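Only one structure is covered here, and it is reproduced in the block below.
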There are 2 protein chains.
Amino acid sequence: MEYPNSFEELVECFKMLPGIGTKGAERMVYHILAMDDDQIQRFSQALIDFKSNIQYCQRCGHICEGELCEICLDQQRDQTTICVVESPKDVFAMEKLKEYRGLYHVLHGTMSIMDGKTIDDLNIQTLFDRLDENIKEVIIATNPTREGETTALFLAKLLAKQNIPASRIANGLPIGGNLDYADELTLLKSLEGRKKL
Amino acid sequence: MEYPNSFEELVECFKMLPGIGTKGAERMVYHILAMDDDQIQRFSQALIDFKSNIQYCQRCGHICEGELCEICLDQQRDQTTICVVESPKDVFAMEKLKEYRGLYHVLHGTMSIMDGKTIDDLNIQTLFDRLDENIKEVIIATNPTREGETTALFLAKLLAKQNIPASRIANGLPIGGNLDYADELTLLKSLEGRKKL
């Protein structure tokens, strides 16, 4: 026996989400079956509102609900430093620190030979449009993966051409980590990046 | 830094779903951020359609898109047997067997002292409306939990009063199970329900 069409369609929609298979999607749809009409309406509206309200900041590429994100609008922040990250979630991760007070720039991806993405596919032109003599430092905070490192190196070269001081976030053992369990590359980076005490 | 309102609202909506916490909901919303507008529109529409199209069969309480479900409409099925289950997903589970050819009745829950649910809170009046001299057997297939067993016993008494033959699905060791790992109650039921070879 097959599910009714509307049921099956909703299962298919949930299966588009990460980590949700058929069983999980069915479980969610059964749960929604027991939900109030108001709640289902709210969920549906939230998707529509999300789609229409969430935009990318025209300056840095972070998500926001207007033309510019709240970080770009905040004049209290250090306007001389830009931290370049891969995605909006990296901005939220950095902001949780409450340590960094500069600006951001979101690339929306990395260069990737596998996916055929070059530097031109990234949100990079707007970055160079922002760079002037006021910018004292660009911190490249792409992920320490193959793609992230490639992008970081490439970006560093482009910045060097324009005489913009660039830096890269440190690699090494995570706090609470264990030498014994660390992979060789992490340990090597940790050794290379050692600091004088 | 907080998420934009529309982002936060969608996270809250995903958190209503079973097994989804804040981290999981955020992961889904980030995924939706990268989805096409069409796909988000489809998802939102699927929720609305689900809400407006899925109804409960007026006869048996199973989910359907019309007044009556396809099982009730199927005249080829054995009209003399009714299998009573707790929820629509139990109907789908039974139907997967392709063994049972009778009708169903969905109670939409069980009696539960904890939740203050009595027999009157269940979809039971429509069951008794269906019972006439044509019904040869009512198979009570509520779950073998405390609430399911209570409901089954209560239902059996009501059926006995009307001289309707009732039966209960068997308890015992699941196929592929292990005596060593079985709980005592299951093993006891398995022994009690032994069959002559």
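Chain identifiers are assigned as A, B, and so on, following the order in which chains appear in the structure tokens; residues are numbered from 1 within each chain, and ligands are numbered from 1 in order of appearance.
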Inset, instruction - Extract, using only C-alpha atoms, all DNA, RNA and protein residues at most 10 Å from A:Ile40, discarding same-chain residues fewer than 2 positions from it, and format them as a ChimeraX atom specification. - result: /A:32-38,42-46 /B:13,44,47-48,50-51
Inset, instruction - Compile the contact shell of A:Arg77 as a list in words: residues with an atom at most 12 Å away, counting only C-alpha atoms, same-chain residues fewer than 6 positions apart removed. - result: Glu70, Ile71, Lys98, Glu99, Tyr100, Arg101, Gly102, Leu103 and Tyr104 of chain A
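Using only C-alpha atoms, the smallest distance between any of A:Ala170, A:Val84, A:Leu158, A:Leu10 and chain B comes from A:Leu10.
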Legend entry - Straight-line distance linking atom CA of A:Lys96 with atom CA of A:Gly61, stated in Å to one decimal: 18.6 Å
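Of the listed residues (A:Glu95, A:Asp90, A:Glu192, A:Glu67), A:Glu95 comes nearest to chain B; the distances count only C-alpha atoms.
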Inset, instruction - Find, counting only C-alpha atoms, the residue in B:Ile164, B:Thr186, B:Asn53, B:Lys196 that gets nearest to A:Glu8. - result: B:Asn53
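Using only C-alpha atoms, the residues found no farther than 9 Å from A:Asn143, other than those of its own chain fewer than 6 positions away, are Val85, Glu86, Glu149 and Ala152 of chain A.
Nearest to B:Arg59 of all the residues B:Met16, B:Leu131, B:Val138, B:Leu173 is B:Leu131, counting only C-alpha atoms.
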Inset, instruction - Check stretch 50-109 of chain A with DSSP on the backbone and list each residue it calls strand (DSSP E or B), as an NGL selection string. - result: :A and (55-56 or 63-64 or 81-85 or 103-106)
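Across the structure, atom CA of A:Lys195 and atom CA of A:Ile140 are spaced 20.0 Å apart.
Picture a line from atom CA of A:Arg168 to atom CA of A:Met94; it runs 14.3 Å.
Residues of stretch 112-141 of chain A that DSSP, applied to the backbone, places in alpha helix (DSSP H): A:Gln125, A:Thr126, A:Leu127, A:Phe128, A:Asp129, A:Arg130.
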Inset, instruction - Considering only C-alpha atoms, return as a list of chain:residue names whatever protein or nucleic-acid residues lie within 9 Å of A:Phe128, sequence-local ones (same chain, fewer than 4 positions apart) excluded. - result: A:Ile124, A:Asp132, A:Leu159
Can you write just those residues out, N, CA and C atoms, as a compact mmCIF listing (two decimals), in the first residue's frame?
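The resulting file, out28.txt, is shown below:
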# COMPACT_ATOMS: atom_id res chain seq x y z
N ILE A 124 34.65 37.09 -4.53
CA ILE A 124 35.98 37.65 -4.29
C ILE A 124 36.14 39.05 -4.87
N ASP A 132 41.26 49.04 0.55
CA ASP A 132 41.92 50.33 0.26
C ASP A 132 43.00 50.53 1.31
N LEU A 159 46.53 39.13 -2.68
CA LEU A 159 46.63 40.23 -1.72
C LEU A 159 48.05 40.80 -1.71
Inset, instruction - Have a look at B:Ile169, B:Ile54, B:Ile20, B:Met28 and name the one nearest to A:Pro4; count only C-alpha atoms. - result: B:Ile54
Legend entry - Long-range neighbours of A:Ala182 as a list in words, 10 Å cut-off, only C-alpha atoms, 6 positions minimum in chain: Gly172, Leu173, Pro174 and Leu188 of chain A
Legend entry - Pick from A:Leu122, A:Cys72, A:Ile135, A:Val11, whichever lies nearest to A:Ser87 using only C-alpha atoms: A:Leu122
